[in-house]
Structures are given as C-alpha cells and as structure tokens.
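Trainee: Okay, here's the structure, questions in a sec.
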Amino acid sequence: MKLYHISLALLLGLGTLTSCNDKLDLDNPNQQTSATFGFNADDLEESVVAAYNHIRMEGSYARVGYTIDMCRGDEVWNSSQVWYLPFDNLNLPVSGDIGWWVWREWYYTINVCNFGLSRTGDDDSKLSERMKDIKGQLLFLRALAYYNLAGYYQDVPLITDYNTYSSLDGLYATNNTFDEVMDQVEKDFKEAVDLLPSRDKGGEWAKGRATCGAAAGYYARALMQRHKYSEALTVLKDIINKKYGSYKLMANYGDNFREGAQYENNDESLFEVQFLDYGTQGTDDEWTPVNTSKNATQGSAIESNCGPGAYGGWADLSASPWLYQLFKQERTKSGKLDPRLYWTIGTYEADWDNDDQTLGNVCYKSKMTPIDTVVTNNNNGGLPICKYTNMRTGLYDKVVTGLHDGINLRLMRYSDVLLRAAECENEVNGPTQQAIDWINEVRRRAGLADLKLADFPTKDKLFEQIANVERPKEFGCEFGRGFDLLRWGFFYSADRLQQLKEHGTYRCSIHHAKDPVSYDLVGKDPEVKCSYDTYVPGHEFLPIVETLTNKNPNLKGNSANNSTDNSEYFKTNGWTVHPVVSLSK
C-alpha cells in the first residue's frame with residue numbers, strides 16, 4: 001500500500017512537471033515567425049498596418065518615391081542642379097544609387113501584403129466581414145505597389161504567392177512584362193472594390209483607410225494607363241454617381257493642402273497618405289524601412305525638397321516657368337488670378353493681398369511684399385513649390401527639414417475623377433457636352449468661366465485642353481504628371497516631344513525665374529536649359545540599377561537599361577498619340 005501511494009505521488013508529480021513544461025514552452029511574442037503568426041484577424045490587422053506604414057517611407061511617398069515623378073513631368077525642374085538632376089534630365093545611369101529606393105520600399109510593401117493574403121484564402125464568399133476588410137486593404141496596397149513599380153521600372157518581377165519566397169528561384173525572381181504586371185494591378189484593384197466598404201461607413205474608413213472608392217479610382221487609373229477608356233469611363237461614372245461613397249469638391253481648393261482634422265481626409269479625398277501633424281511626431285528622422293524606432297518622425301520630406309532655401313528648405317525642386325505663365329493666361333470671372341496658383345507656386349501677387357480663398361501674401365509666417373516678387377529657391381533661382389509645404393499655411397516661420405511635414409498627401413482627389421471622366425468621355429464619344437460639363441465643374445471651383453463645346457470641334461483639341469491646361473492647373477507640381485506623359489505617349493511623337501522641351505525649359509537665374517523663356521535660347525544663353533534635351537528613347541522609365549541586377553542573376557534590364565524605343569509598343573497596341581493642337585480660337 002505504501003508503494004502504491006509513492007507511485008501515485010510520482011505519477012502526479014510527473015504530470016505536474018509536464019503541465020508546467022507545457023505552460024513554459026511559449027513562443028516569444030516579440031519574435032513571431034510565419035509558423036506562429038497570422039492565423040487570426042488580429043494578427044492580420046497588424047500586417048495591414050505594416051503595409052500602410054511602408055507607403056510612407058522615403059522611397060514610397062515620404063520623399064523620392066513621390067518627387068521623382070514630379071521631376072519626370074514638365075511642371076517641375078531640379079533647381080538645386082544636384083540630387084535629382086539625373087531624374088530631371090531622364091538620364092539616370094545604371095550605377096545610380098537613389099534609383100533603387102523606390103524599388104526597395106514597394107517590394108517591402110508587396111512582401112507584407114503577400115504574407116497577409118496567404119492567410120485569407122481564395123474564396124471571398126467564406127470570409128467574415130472583418131476578413132473581407134483586411135483582404136481588400138492588402139489587395140489595394142499590393143496593387144498600388146505594382147502600379148508604382150510598373151510606372152517607374154516598366155518590367156518588374158511579379159510575385160503574388162507568399163510561398164514563392166521559400167525557394168531560391170523564387171527569391172531570385174525574373175522580370176515580368178509591363179502588361180503582365182498591369183493585368184495583376186487591374187485584378188487586385190477590381191477585387192478590392194468588391195471587398196471594401198465605402199467611406200460613408202464612417203470611423204477609420206473615413207479617416208484614411210483604403211475604401212471601395214479609393215480602389216475604384218485607382219482601378220480606373222490602371223485601366224487608363226493602357227487606354228481602356230470605355231471600361232474606365234464606366235468605373236468613373238459609378239464614382240460620380242456615388243456607387244462607392246459620397247465625394248464632392250471642397251469649396252476652397254487650398255483645403256486640400258493643409259494639415260489638421262478639418263482639412264485632411266475631407267469630402268474631396270479618395271485616398272491619401274497619413275502623416276502626423278506638426279508637433280505631434282517623434283524626434284528621429286527615419287529614412288529607410290530597416291531602422292525605424294519608436295521615436296520615429298511620421299511626416300514627409302516633400303517640404304524639405306520644395307521649400308525655398310531662404311527659409312531653410314533644400315530647394316531641390318521648382319515649378320517650371322511654363323506652368324507659372326499658364327496660370328497667368330486666364331483670370332477668373334471676377335478678374336482675379338486663379339486661386340490654384342496661390343497654393344501651387346510661391347510668388348508674390350497683388351491679387352493675394354485681399355482674397356478670401358487664400359491667407360494673403362504669406363510665406364511661412366512672413367508677409368510677402370512686392371519686393372519679394374520671387375522668393376528665391378537657391379543660387380540658381382526657381383519658383384518655390386507650395387503644394388504639400390507650409391509655405392502658405394502660416395503654421396511656422398521656416399521649413400522644418402527632414403521627415404517633419406505633416407500635411408497628408410492627397411494621392412487621389414474627386415477633381416481627378418471628374419477630369420479623368422472627361423478625358424475618357426472624349427476618347428470614347430468626344431467631343432461631347434458631358435465631357436465639357438465635368439471639366440466645368442472643376443473650373444467653377446476656381447472661379448473660371450465655363451468652357452463651351454462649340455470651341456472644341458475635335459477630339460484632339462479637347463484633349464489638348466485637358467492635358468495641357470486643365471490638368472496642369474488643377475494638379476500642378478503633384479505626383480502623377482510623369483505617369484500621364486507615359487500613357488499619353490508624349491515621348492513617342494516628334495511634336496509632343498518638342499512640346500515637352502518647350503515646357504521643360506527654364507532659366508537658372510535668381511532675378512528672372514518667372515519670365516517666359518524660349519527653348520530657342522538653349523545653347524545660345526548659358527543660363528537657359530531644358531530638362532528633356534538629354535532624353536534618350538526608353539528613358540521615360542527608370543533603369544533597373546546595378547544594385548539590383550548584381551544581386552539577382554535572373555533580373556534583366558528594361559528599356560532604360562537598353563535605350564529601347566517604346567513607340568513600337570504603342571503602335572502594336574493600336575494606341576494613338578494626339579497631335580499638338582493650338583488652343584487659340
């Protein structure tokens with residue numbers, strides 16, 4: 001009997017030890033792996049947050065991922081004549097260091113999205129509402145990443161299966177074609193439209209998360225990149241008709257370029273990158289996704305790049321004289337300057353002394369005077385860019401350099417929906433009164449007179465108005481002009497390329513930054529230069545730089561690496577480049 005009790009106690013003791021061992025054998029929550037993480041909605045929500053975080057890094061939208069496309073367009077030039085010069089001149093060498101930062105950030109985003117999507121399954125009908133929200137956001141962000149990668153690098157590796165990373169061949173992926181990548185972009189955006197709620201749901205869906213409206217807007221953009229105008233028009237009409245939530249133009253254009261809850265995520269915004277307001281951020285400037293700290297700043301460096309040197313900015317980028325003169329060509333119905341000029345380019349104008357749509361002739365907290373006709377960007381002159389800077393807001397007295405600019409980047413606004421709808425309508429049926437009406441809705445907010453259909457007898461003329469008047473004045477010095485030039489094929493016809501050269505001509509002069517400047521002076525006047533004179537076919541895209549190809553033996557170059565003319569691609573698809581048309585009556 002005594003032996004029985006000892007045996008029973010021993011068994012009970014072993015059982016207790018086993019139970020304790022089970023409890024002690026826990027996974028470290030700070031060292032999660034794919035084997036232990038991502039099997040519930042709470043975990044996957046963390047993946048969604050991580051993916052959002054990657055879109056506000058230096059190579060995505062916090063700096064160069066945004067500003068490189070500004071340089072590629074004809075509205076902006078590199079006034080510091082350093083740093084962005086190879087992007088501005090469209091001649092980045094394959095040894096260019098900065099040229100892979102965009103790649104780095106967007107593939108980080110894709111990796112996070114692929115992991116999350118590997119846990120959501122393929123059958124959307126079996127997902128809970130919360131899981132649909134999670135999957136929709138991951139699809140949207142992956143599509144956004146590939147949209148940017150294809151727009152910058154043309155032929156990039158398309159990885160959509162997380163298991164791909166488990167093999168050496170998967171890690172060393174080869175290029176896919178532009179069309180293969182864009183097919184996936186369209187597919188992901190379209191599925192996201194069906195999964196996501198609208199901003200009308202309220203809460204976080206009205207404060208920055210991707211919604212069905214955002215996905216629909218980007219789906220239309222993706223379709224337009226390959227001239228699927230009829231399909232895009234259907235989607236854009238649905239947005240206008242409030243199928244994906246309620247959107248409208250803000251009464252004051254400037255409300256789209258200020259920080260604060262009363263301005264950001266407003267009724268005009270379909271999607272924007274969320275940055276913390278000035279004074280609420282951390283102290284550590286974090287430029288890459290690999291060394292973020294708990295004290296990291298969570299703003300952008302757009303202001304640092306665009307802000308005038310006289311106020312502490314780096315003065316890398318300036319508005320083109322062409323854009324400034326375009327604004328000056330047409331006044332409002334009350335005889336005033338277009339208020340969009342105020343929020344786009346930082347010059348003194350007498351009109352701004354008394355105007356209820358602006359804050360007056362303010363430059364940071366200083367009041368500009370006629371003497372300050374041009375706030376010098378740097379020793380090369382240049383017109384400071386106001387978009388997504390605090391030059392016009394009066395929030396502080398000088399540029400707070402680094403990643404401290406708290407103004408959310410509005411990546412898609414309702415005005416873009418209206419002008420894209422007008423463009424698609426013109427391509428499919430134009431010119432029509434409907435296209436004119438959508439354009440006029442945007443013009444009325446600026447106080448401009450309505451356009452009349454009778455003044456646009458041809459599709460080509462109305463396209464010219466949209467491409468080189470309406471869009472530059474509404475979206476001047478914002479991200480996206482470079483993407484527009486790609487889809488319009490402006491690099492593929494002699495008259496359009498010549499037009500880009502005329503638009504991209506500038507004078508390196510402190511005192512004459514605003515003056516009209518003629519391309520004919522290039523080579524005759526040493527101060528007059530043109531960003532497009534160094535363009536070589538194929539370099540409308542960035543090359544896939546050696547930093548990437550040296551590490552991946554399966555990765556090949558693109559048209560920029562090989563200086564391949566992409567005009568044949570346009571011809572093969574049956575796309576046309578609209579000829580340059582005079583807009584004079």
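We label chains A, B, ... in the order they appear in the structure tokens, count residues from 1 in each chain, and number ligands from 1 in the order shown.
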Find the residues around A:Arg487 up to 12 Å (only C-alpha atoms counted), leave out those fewer than 2 positions away in its own chain, and share them as a PyMOL selection string.

Mentor: chain A and resi 151+221-229+467+480-485+489-492+540+566-567+569-570+575-578

Trainee: Keeping only N, CA and C atoms, write those residues as an mmCIF file, in the first residue's frame.

Mentor:
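Result went into part.cif, see below:
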data_model
loop_
_atom_site.group_PDB
_atom_site.id
_atom_site.type_symbol
_atom_site.label_atom_id
_atom_site.label_comp_id
_atom_site.auth_asym_id
_atom_site.auth_seq_id
_atom_site.Cartn_x
_atom_site.Cartn_y
_atom_site.Cartn_z
ATOM 1 N N GLY A 151 5.046 51.749 -63.320
ATOM 2 C CA GLY A 151 5.139 53.106 -63.835
ATOM 3 C C GLY A 151 6.544 53.677 -63.792
ATOM 4 N N ARG A 221 -7.627 54.437 -62.989
ATOM 5 C CA ARG A 221 -6.304 54.904 -63.395
ATOM 6 C C ARG A 221 -5.521 53.798 -64.095
ATOM 7 N N ALA A 222 -5.569 52.605 -63.516
ATOM 8 C CA ALA A 222 -4.833 51.485 -64.114
ATOM 9 C C ALA A 222 -5.362 51.168 -65.508
ATOM 10 N N LEU A 223 -6.661 51.194 -65.675
ATOM 11 C CA LEU A 223 -7.256 50.947 -66.990
ATOM 12 C C LEU A 223 -6.805 52.004 -68.000
ATOM 13 N N MET A 224 -6.749 53.253 -67.560
ATOM 14 C CA MET A 224 -6.370 54.327 -68.460
ATOM 15 C C MET A 224 -4.903 54.256 -68.878
ATOM 16 N N GLN A 225 -4.048 53.663 -68.034
ATOM 17 C CA GLN A 225 -2.637 53.548 -68.406
ATOM 18 C C GLN A 225 -2.470 52.748 -69.689
ATOM 19 N N ARG A 226 -3.453 51.865 -69.986
ATOM 20 C CA ARG A 226 -3.386 51.067 -71.209
ATOM 21 C C ARG A 226 -4.567 51.367 -72.135
ATOM 22 N N HIS A 227 -5.059 52.582 -72.046
ATOM 23 C CA HIS A 227 -6.049 53.115 -72.984
ATOM 24 C C HIS A 227 -7.353 52.327 -73.002
ATOM 25 N N LYS A 228 -7.731 51.759 -71.869
ATOM 26 C CA LYS A 228 -9.026 51.080 -71.756
ATOM 27 C C LYS A 228 -10.052 52.107 -71.308
ATOM 28 N N TYR A 229 -10.272 53.071 -72.186
ATOM 29 C CA TYR A 229 -11.060 54.246 -71.807
ATOM 30 C C TYR A 229 -12.531 53.931 -71.570
ATOM 31 N N ALA A 467 -5.197 67.971 -71.226
ATOM 32 C CA ALA A 467 -3.836 67.534 -70.914
ATOM 33 C C ALA A 467 -2.907 68.687 -70.568
ATOM 34 N N GLY A 480 2.190 62.343 -60.369
ATOM 35 C CA GLY A 480 1.285 61.784 -61.364
ATOM 36 C C GLY A 480 1.463 62.300 -62.770
ATOM 37 N N ARG A 481 2.092 63.465 -62.924
ATOM 38 C CA ARG A 481 2.252 64.011 -64.283
ATOM 39 C C ARG A 481 3.120 63.094 -65.132
ATOM 40 N N GLY A 482 4.163 62.516 -64.547
ATOM 41 C CA GLY A 482 5.009 61.593 -65.293
ATOM 42 C C GLY A 482 4.250 60.380 -65.774
ATOM 43 N N PHE A 483 3.360 59.852 -64.935
ATOM 44 C CA PHE A 483 2.523 58.717 -65.328
ATOM 45 C C PHE A 483 1.598 59.116 -66.476
ATOM 46 N N ASP A 484 1.093 60.348 -66.439
ATOM 47 C CA ASP A 484 0.238 60.836 -67.527
ATOM 48 C C ASP A 484 1.006 60.882 -68.843
ATOM 49 N N LEU A 485 2.235 61.403 -68.800
ATOM 50 C CA LEU A 485 3.024 61.508 -70.035
ATOM 51 C C LEU A 485 3.275 60.129 -70.637
ATOM 52 N N GLY A 489 1.737 58.913 -74.350
ATOM 53 C CA GLY A 489 2.720 58.662 -75.401
ATOM 54 C C GLY A 489 3.461 59.898 -75.865
ATOM 55 N N PHE A 490 3.616 60.891 -74.977
ATOM 56 C CA PHE A 490 4.236 62.149 -75.385
ATOM 57 C C PHE A 490 5.711 62.004 -75.746
ATOM 58 N N PHE A 491 6.328 60.893 -75.336
ATOM 59 C CA PHE A 491 7.724 60.667 -75.700
ATOM 60 C C PHE A 491 7.865 60.027 -77.089
ATOM 61 N N TYR A 492 6.724 59.684 -77.706
ATOM 62 C CA TYR A 492 6.776 58.843 -78.903
ATOM 63 C C TYR A 492 6.378 59.547 -80.189
ATOM 64 N N GLU A 540 12.132 57.213 -70.455
ATOM 65 C CA GLU A 540 10.960 57.709 -69.748
ATOM 66 C C GLU A 540 10.698 56.866 -68.501
ATOM 67 N N ASN A 566 10.185 52.716 -77.038
ATOM 68 C CA ASN A 566 8.911 52.093 -76.690
ATOM 69 C C ASN A 566 7.761 52.504 -77.600
ATOM 70 N N SER A 567 8.041 53.285 -78.629
ATOM 71 C CA SER A 567 6.962 53.721 -79.517
ATOM 72 C C SER A 567 6.329 52.534 -80.238
ATOM 73 N N TYR A 569 5.691 49.672 -78.985
ATOM 74 C CA TYR A 569 4.683 49.123 -78.078
ATOM 75 C C TYR A 569 3.358 49.850 -78.256
ATOM 76 N N PHE A 570 3.413 51.176 -78.367
ATOM 77 C CA PHE A 570 2.209 51.973 -78.590
ATOM 78 C C PHE A 570 1.539 51.562 -79.902
ATOM 79 N N TRP A 575 -2.623 52.147 -80.122
ATOM 80 C CA TRP A 575 -2.861 53.410 -79.441
ATOM 81 C C TRP A 575 -2.334 54.560 -80.290
ATOM 82 N N THR A 576 -2.948 55.703 -80.135
ATOM 83 C CA THR A 576 -2.521 56.878 -80.893
ATOM 84 C C THR A 576 -2.056 57.965 -79.940
ATOM 85 N N VAL A 577 -1.134 58.760 -80.411
ATOM 86 C CA VAL A 577 -0.677 59.940 -79.680
ATOM 87 C C VAL A 577 -1.376 61.140 -80.307
ATOM 88 N N HIS A 578 -2.135 61.855 -79.515
ATOM 89 C CA HIS A 578 -2.826 63.029 -80.055
ATOM 90 C C HIS A 578 -1.817 64.056 -80.551
#

Trainee: Using only C-alpha atoms, determine which residues lie at most 6 Å from stretch 428-432 of chain A, disregarding the query and same-chain residues fewer than 3 positions distant; provide the list as number ranges by chain.

Mentor: A: 425, 435, 459

Trainee: Atom CA of A:Ala446 to atom CA of A:Asn354: how many Å, to one decimal?

Mentor: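 It comes out at 16.1 Å.
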
Trainee: Can you pull out every residue within 12 Å of A:Gly394, counting only C-alpha atoms, but drop anything in the same chain fewer than 2 positions away, and send it as a PyMOL selection string?

Mentor: chain A and resi 258-259+358-368+386+389-392+396-399

Trainee: Name all residues at most 7 Å from A:Phe178 (count only C-alpha atoms; drop same-chain ones fewer than 3 positions away) and give them as an MDAnalysis selection string.

Mentor: chainID A and resid 150 154:155 181:182

Trainee: Using only C-alpha atoms, which residues sit within 8 Å of A:Asp133 once same-chain residues fewer than 2 positions away are excluded, as a PyMOL selection string?

Mentor: chain A and resi 129-131+135-137+195-197

Trainee: Tell me, as a PyMOL selection string, which residues lie within 7 Å of stretch 279-289 of chain A, counting only C-alpha atoms; anything in the same chain fewer than 4 positions away does not count.

Mentor: chain A and resi 57-58+295-298+402-403

Trainee: Can you check which residues of stretch 393-567 of chain A DSSP gives as helix (DSSP H, G or I) on the backbone and send them as a count of residues only?

Mentor: 79

Trainee: Mind pulling up the distance from atom CA of A:Glu527 to atom CA of A:Tyr84?

Mentor: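 Calculated distance between atom CA of A:Tyr84 and atom CA of A:Glu527 is 18.4 Å.
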
Trainee: Applying 12 Å and only C-alpha atoms, which residues near A:Asp515 remain after dropping the ones on its own chain fewer than 4 positions away? List them as JSON, numbers by chain.

Mentor: {"A": [320, 321, 322, 323, 324, 325, 326, 328, 373, 374, 381, 382, 383, 505, 506, 507, 508, 509, 510, 511, 528]}

Trainee: For the atom pair atom CA of A:Ala41 and atom CA of A:Val102, what is the interatomic distance in Å to one decimal place?

Mentor: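 Going from atom CA of A:Ala41 over to atom CA of A:Val102 covers 29.7 Å.
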